[in-house]
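Participant: Sharing work28.pdb (PDB, C-alpha atoms) below.
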ATOM      1  CA  MET A   1     -22.496  10.203  16.920  1.00  0.00           C
ATOM      2  CA  ALA A   2     -21.789   9.278  13.307  1.00  0.00           C
ATOM      3  CA  LEU A   3     -19.152  11.108  11.305  1.00  0.00           C
ATOM      4  CA  SER A   4     -20.386  13.174   8.396  1.00  0.00           C
ATOM      5  CA  SER A   5     -19.738  11.879   4.908  1.00  0.00           C
ATOM      6  CA  THR A   6     -17.300  14.762   4.337  1.00  0.00           C
ATOM      7  CA  VAL A   7     -15.248  13.747   7.372  1.00  0.00           C
ATOM      8  CA  GLN A   8     -15.342  10.087   6.320  1.00  0.00           C
ATOM      9  CA  ASN A   9     -14.200  11.037   2.823  1.00  0.00           C
ATOM     10  CA  ARG A  10     -11.314  13.087   4.240  1.00  0.00           C
ATOM     11  CA  ILE A  11     -10.209  10.222   6.476  1.00  0.00           C
ATOM     12  CA  VAL A  12     -10.148   7.806   3.529  1.00  0.00           C
ATOM     13  CA  TRP A  13      -8.205  10.338   1.441  1.00  0.00           C
ATOM     14  CA  GLY A  14      -5.780  10.890   4.320  1.00  0.00           C
ATOM     15  CA  VAL A  15      -5.083   7.170   4.542  1.00  0.00           C
ATOM     16  CA  ARG A  16      -4.716   6.934   0.753  1.00  0.00           C
ATOM     17  CA  ILE A  17      -2.216   9.802   0.735  1.00  0.00           C
ATOM     18  CA  PHE A  18      -0.272   8.275   3.639  1.00  0.00           C
ATOM     19  CA  LEU A  19      -0.115   4.910   1.848  1.00  0.00           C
ATOM     20  CA  ALA A  20       0.948   6.584  -1.408  1.00  0.00           C
ATOM     21  CA  LEU A  21       3.748   8.441   0.392  1.00  0.00           C
ATOM     22  CA  ALA A  22       4.933   5.262   2.110  1.00  0.00           C
ATOM     23  CA  MET A  23       4.863   3.251  -1.127  1.00  0.00           C
ATOM     24  CA  GLY A  24       6.423   6.059  -3.124  1.00  0.00           C
ATOM     25  CA  THR A  25       9.266   6.392  -0.640  1.00  0.00           C
ATOM     26  CA  ALA A  26       9.898   2.650  -0.460  1.00  0.00           C
ATOM     27  CA  GLY A  27       9.653   2.197  -4.221  1.00  0.00           C
ATOM     28  CA  THR A  28      12.013   5.086  -4.907  1.00  0.00           C
ATOM     29  CA  ALA A  29      14.552   3.703  -2.415  1.00  0.00           C
ATOM     30  CA  LYS A  30      14.468   0.331  -4.144  1.00  0.00           C
ATOM     31  CA  LEU A  31      14.779   1.776  -7.643  1.00  0.00           C
ATOM     32  CA  ALA A  32      17.563   4.154  -6.557  1.00  0.00           C
ATOM     33  CA  GLY A  33      19.563   1.217  -5.213  1.00  0.00           C
ATOM     34  CA  VAL A  34      19.821   2.440  -1.628  1.00  0.00           C
ATOM     35  CA  PRO A  35      22.472   0.163  -0.031  1.00  0.00           C
ATOM     36  CA  GLN A  36      20.067  -1.159   2.630  1.00  0.00           C
ATOM     37  CA  MET A  37      17.613  -2.220  -0.106  1.00  0.00           C
ATOM     38  CA  VAL A  38      20.368  -3.879  -2.116  1.00  0.00           C
ATOM     39  CA  GLU A  39      21.459  -5.779   1.003  1.00  0.00           C
ATOM     40  CA  ILE A  40      17.906  -6.895   1.821  1.00  0.00           C
ATOM     41  CA  PHE A  41      17.327  -8.192  -1.690  1.00  0.00           C
ATOM     42  CA  ASN A  42      20.733  -9.934  -1.656  1.00  0.00           C
ATOM     43  CA  HIS A  43      19.546 -11.722   1.480  1.00  0.00           C
ATOM     44  CA  ILE A  44      16.254 -12.672  -0.173  1.00  0.00           C
ATOM     45  CA  GLY A  45      18.366 -14.342  -2.837  1.00  0.00           C
ATOM     46  CA  VAL A  46      16.161 -13.883  -5.899  1.00  0.00           C
ATOM     47  CA  GLY A  47      18.354 -11.260  -7.547  1.00  0.00           C
ATOM     48  CA  GLN A  48      18.449  -7.493  -7.859  1.00  0.00           C
ATOM     49  CA  TRP A  49      15.922  -7.585 -10.709  1.00  0.00           C
ATOM     50  CA  PHE A  50      13.338  -8.362  -8.029  1.00  0.00           C
ATOM     51  CA  ARG A  51      14.314  -5.197  -6.120  1.00  0.00           C
ATOM     52  CA  SER A  52      13.669  -3.148  -9.256  1.00  0.00           C
ATOM     53  CA  PHE A  53      10.429  -5.009  -9.931  1.00  0.00           C
ATOM     54  CA  THR A  54       9.219  -4.485  -6.353  1.00  0.00           C
ATOM     55  CA  GLY A  55      10.129  -0.794  -6.498  1.00  0.00           C
ATOM     56  CA  ALA A  56       8.146  -0.371  -9.712  1.00  0.00           C
ATOM     57  CA  VAL A  57       5.169  -2.234  -8.234  1.00  0.00           C
ATOM     58  CA  GLU A  58       5.226   0.060  -5.191  1.00  0.00           C
ATOM     59  CA  LEU A  59       5.403   3.218  -7.323  1.00  0.00           C
ATOM     60  CA  ILE A  60       2.537   2.031  -9.518  1.00  0.00           C
ATOM     61  CA  GLY A  61       0.506   1.308  -6.376  1.00  0.00           C
ATOM     62  CA  ALA A  62       1.223   4.817  -5.046  1.00  0.00           C
ATOM     63  CA  VAL A  63      -0.043   6.402  -8.259  1.00  0.00           C
ATOM     64  CA  LEU A  64      -3.132   4.178  -8.352  1.00  0.00           C
ATOM     65  CA  LEU A  65      -3.990   5.195  -4.785  1.00  0.00           C
ATOM     66  CA  LEU A  66      -3.893   8.888  -5.685  1.00  0.00           C
ATOM     67  CA  VAL A  67      -6.062   8.711  -8.800  1.00  0.00           C
ATOM     68  CA  PRO A  68      -9.710   8.940  -7.705  1.00  0.00           C
ATOM     69  CA  ALA A  69     -10.979   6.354 -10.202  1.00  0.00           C
ATOM     70  CA  THR A  70      -8.296   3.775  -9.317  1.00  0.00           C
ATOM     71  CA  GLY A  71      -8.118   4.093  -5.516  1.00  0.00           C
ATOM     72  CA  LEU A  72      -9.722   0.700  -4.912  1.00  0.00           C
ATOM     73  CA  LEU A  73      -7.370  -0.997  -7.374  1.00  0.00           C
ATOM     74  CA  GLY A  74      -4.414   0.797  -5.788  1.00  0.00           C
ATOM     75  CA  ALA A  75      -5.365  -0.369  -2.297  1.00  0.00           C
ATOM     76  CA  LEU A  76      -5.766  -3.948  -3.541  1.00  0.00           C
ATOM     77  CA  TRP A  77      -2.446  -3.709  -5.424  1.00  0.00           C
ATOM     78  CA  VAL A  78      -0.525  -2.352  -2.431  1.00  0.00           C
ATOM     79  CA  GLY A  79      -2.326  -4.713  -0.033  1.00  0.00           C
ATOM     80  CA  GLY A  80      -1.213  -7.695  -2.104  1.00  0.00           C
ATOM     81  CA  THR A  81       2.317  -6.357  -2.064  1.00  0.00           C
ATOM     82  CA  MET A  82       2.146  -6.093   1.722  1.00  0.00           C
ATOM     83  CA  VAL A  83       1.031  -9.721   2.007  1.00  0.00           C
ATOM     84  CA  GLY A  84       4.211 -10.647   0.140  1.00  0.00           C
ATOM     85  CA  ALA A  85       6.263  -8.320   2.348  1.00  0.00           C
ATOM     86  CA  VAL A  86       4.885  -9.885   5.548  1.00  0.00           C
ATOM     87  CA  ALA A  87       5.610 -13.401   4.262  1.00  0.00           C
ATOM     88  CA  THR A  88       9.134 -12.376   3.240  1.00  0.00           C
ATOM     89  CA  HIS A  89       9.826 -10.878   6.657  1.00  0.00           C
ATOM     90  CA  LEU A  90       8.474 -13.930   8.472  1.00  0.00           C
ATOM     91  CA  PHE A  91      10.041 -16.677   6.399  1.00  0.00           C
ATOM     92  CA  VAL A  92      13.055 -15.271   4.562  1.00  0.00           C
ATOM     93  CA  ILE A  93      14.740 -12.239   6.084  1.00  0.00           C
ATOM     94  CA  GLU A  94      13.510 -12.649   9.663  1.00  0.00           C
ATOM     95  CA  GLY A  95      12.837  -8.927  10.119  1.00  0.00           C
ATOM     96  CA  SER A  96       9.830  -7.408  11.798  1.00  0.00           C
ATOM     97  CA  PRO A  97       6.691  -7.755   9.704  1.00  0.00           C
ATOM     98  CA  VAL A  98       4.856  -5.109  11.758  1.00  0.00           C
ATOM     99  CA  PRO A  99       5.294  -2.132   9.365  1.00  0.00           C
ATOM    100  CA  ALA A 100       4.072  -4.198   6.412  1.00  0.00           C
ATOM    101  CA  MET A 101       1.172  -5.490   8.514  1.00  0.00           C
ATOM    102  CA  VAL A 102       0.127  -1.963   9.477  1.00  0.00           C
ATOM    103  CA  LEU A 103       0.282  -0.822   5.842  1.00  0.00           C
ATOM    104  CA  GLY A 104      -1.687  -3.916   4.837  1.00  0.00           C
ATOM    105  CA  LEU A 105      -4.387  -3.157   7.405  1.00  0.00           C
ATOM    106  CA  LEU A 106      -4.612   0.428   6.157  1.00  0.00           C
ATOM    107  CA  CYS A 107      -5.039  -0.965   2.632  1.00  0.00           C
ATOM    108  CA  ALA A 108      -7.827  -3.201   3.912  1.00  0.00           C
ATOM    109  CA  PHE A 109      -9.516  -0.140   5.419  1.00  0.00           C
ATOM    110  CA  VAL A 110      -9.337   1.711   2.083  1.00  0.00           C
ATOM    111  CA  VAL A 111     -10.643  -1.339   0.194  1.00  0.00           C
ATOM    112  CA  TYR A 112     -13.529  -1.616   2.662  1.00  0.00           C
ATOM    113  CA  ARG A 113     -14.414   2.072   2.323  1.00  0.00           C
ATOM    114  CA  LEU A 114     -14.095   2.128  -1.490  1.00  0.00           C
ATOM    115  CA  ARG A 115     -15.785  -1.177  -2.226  1.00  0.00           C
ATOM    116  CA  PRO A 116     -18.485  -1.006  -4.897  1.00  0.00           C
ATOM    117  CA  GLY A 117     -21.721   0.404  -3.566  1.00  0.00           C
ATOM    118  CA  GLN A 118     -20.183   1.630  -0.300  1.00  0.00           C
ATOM    119  CA  GLN A 119     -20.029   5.266  -1.407  1.00  0.00           C
ATOM    120  CA  ARG A 120     -23.751   5.372  -2.173  1.00  0.00           C
ATOM    121  CA  ARG A 121     -24.701   3.730   1.145  1.00  0.00           C
ATOM    122  CA  ALA A 122     -22.458   6.005   3.212  1.00  0.00           C
ATOM    123  CA  GLY A 123     -23.190   9.122   1.205  1.00  0.00           C
ATOM    124  CA  VAL A 124     -19.476   9.507   0.465  1.00  0.00           C
ATOM    125  CA  ALA A 125     -18.657  11.410  -2.693  1.00  0.00           C
ATOM    126  CA  VAL A 126     -16.667   9.425  -5.220  1.00  0.00           C
ATOM    127  CA  VAL A 127     -14.096  11.968  -6.322  1.00  0.00           C
TER     128      VAL A 127
END
Now that the file is in, can you turn its structure into structure tokens?

Facilitator:
Amino acid sequence: MALSSTVQNRIVWGVRIFLALAMGTAGTAKLAGVPQMVEIFNHIGVGQWFRSFTGAVELIGAVLLLVPATGLLGALWVGGTMVGAVATHLFVIEGSPVPAMVLGLLCAFVVYRLRPGQQRRAGVAVV
């Protein structure tokens, strides 16, 4: 049994909102200088400017995800950020890349659902 276009649209919006909340929280923590974030970026070794830059990138991605016309761009933006996060966890800070991988996969889902032409084929309203 196929899901109705309304249900599909709500699922995509739910994932977008979840991603925006996750990115907004992470970006705010970085920009606020939460000690754990400062420590992580000290370990990365690029400088605290990169913490601020990453926080701003995450906040911009959160906003893009929530604006109907820029949802696809937001998912691509955040997905690219998650690729960098996974690489950093694997090769620099040796932490678990799983959270970033999950967020990246959710971004891929949103990109797939919002890709050009998909809304017309699936009957999903572009709002």

Participant: Can you work out which one of A:Ile40, A:Leu65, A:Leu31, A:Ala20 has the shortest atom-to-atom distance to Thr88 of chain A, counting only C-alpha atoms?

Facilitator: A:Ile40

Participant: Please expand the PyMOL selection byres ((chain A and resi 108) around 12) into the concrete residues it hits in this file, giving the result as an MDAnalysis selection string.

Facilitator: chainID A and resid 12 15:16 19 71:80 82:83 101:107 109:115

Participant: Of the candidates A:Pro97, A:Val86, A:Val92, A:Thr70, which one gets nearest to Phe41 of chain A if we count all atoms listed in the file?

Facilitator: A:Val92

Participant: Report, in Å with one decimal, the straight-line distance from atom CA of Gly24 of chain A to atom CA of Leu66 of chain A.

Facilitator: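 Answer for the atom CA of Gly24 of chain A to atom CA of Leu66 of chain A separation: 11.0 Å.
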
Participant: Would you work out the distance separating atom CA of Val67 of chain A from atom CA of Gly55 of chain A, expressed in Å to one decimal?

Facilitator: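 The value is 18.9 Å.
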
Participant: Work out how far atom CA of Met23 of chain A is from atom CA of Glu58 of chain A, in Å to one decimal.

Facilitator: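 The value is 5.2 Å.
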
Participant: Taking (16.6, -12.5, 0.3) in the coordinates of the supplied file, I want to know which residues reach to within 12 Å of it, counting only C-alpha atoms; could you give the answer as a list in words?

Facilitator: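 Using only C-alpha atoms, the matching residues come out as Met37, Val38, Glu39, Ile40, Phe41, Asn42, His43, Ile44, Gly45, Val46, Gly47, Gln48, Phe50, Arg51, Ala85, Ala87, Thr88, His89, Leu90, Phe91, Val92, Ile93, Glu94 and Gly95 of chain A.
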
Participant: Looking at A:Trp49, A:Thr6, A:Ala56, A:Trp13, which one is nearest to Thr28 of chain A, with distances taken over only C-alpha atoms?

Facilitator: A:Ala56
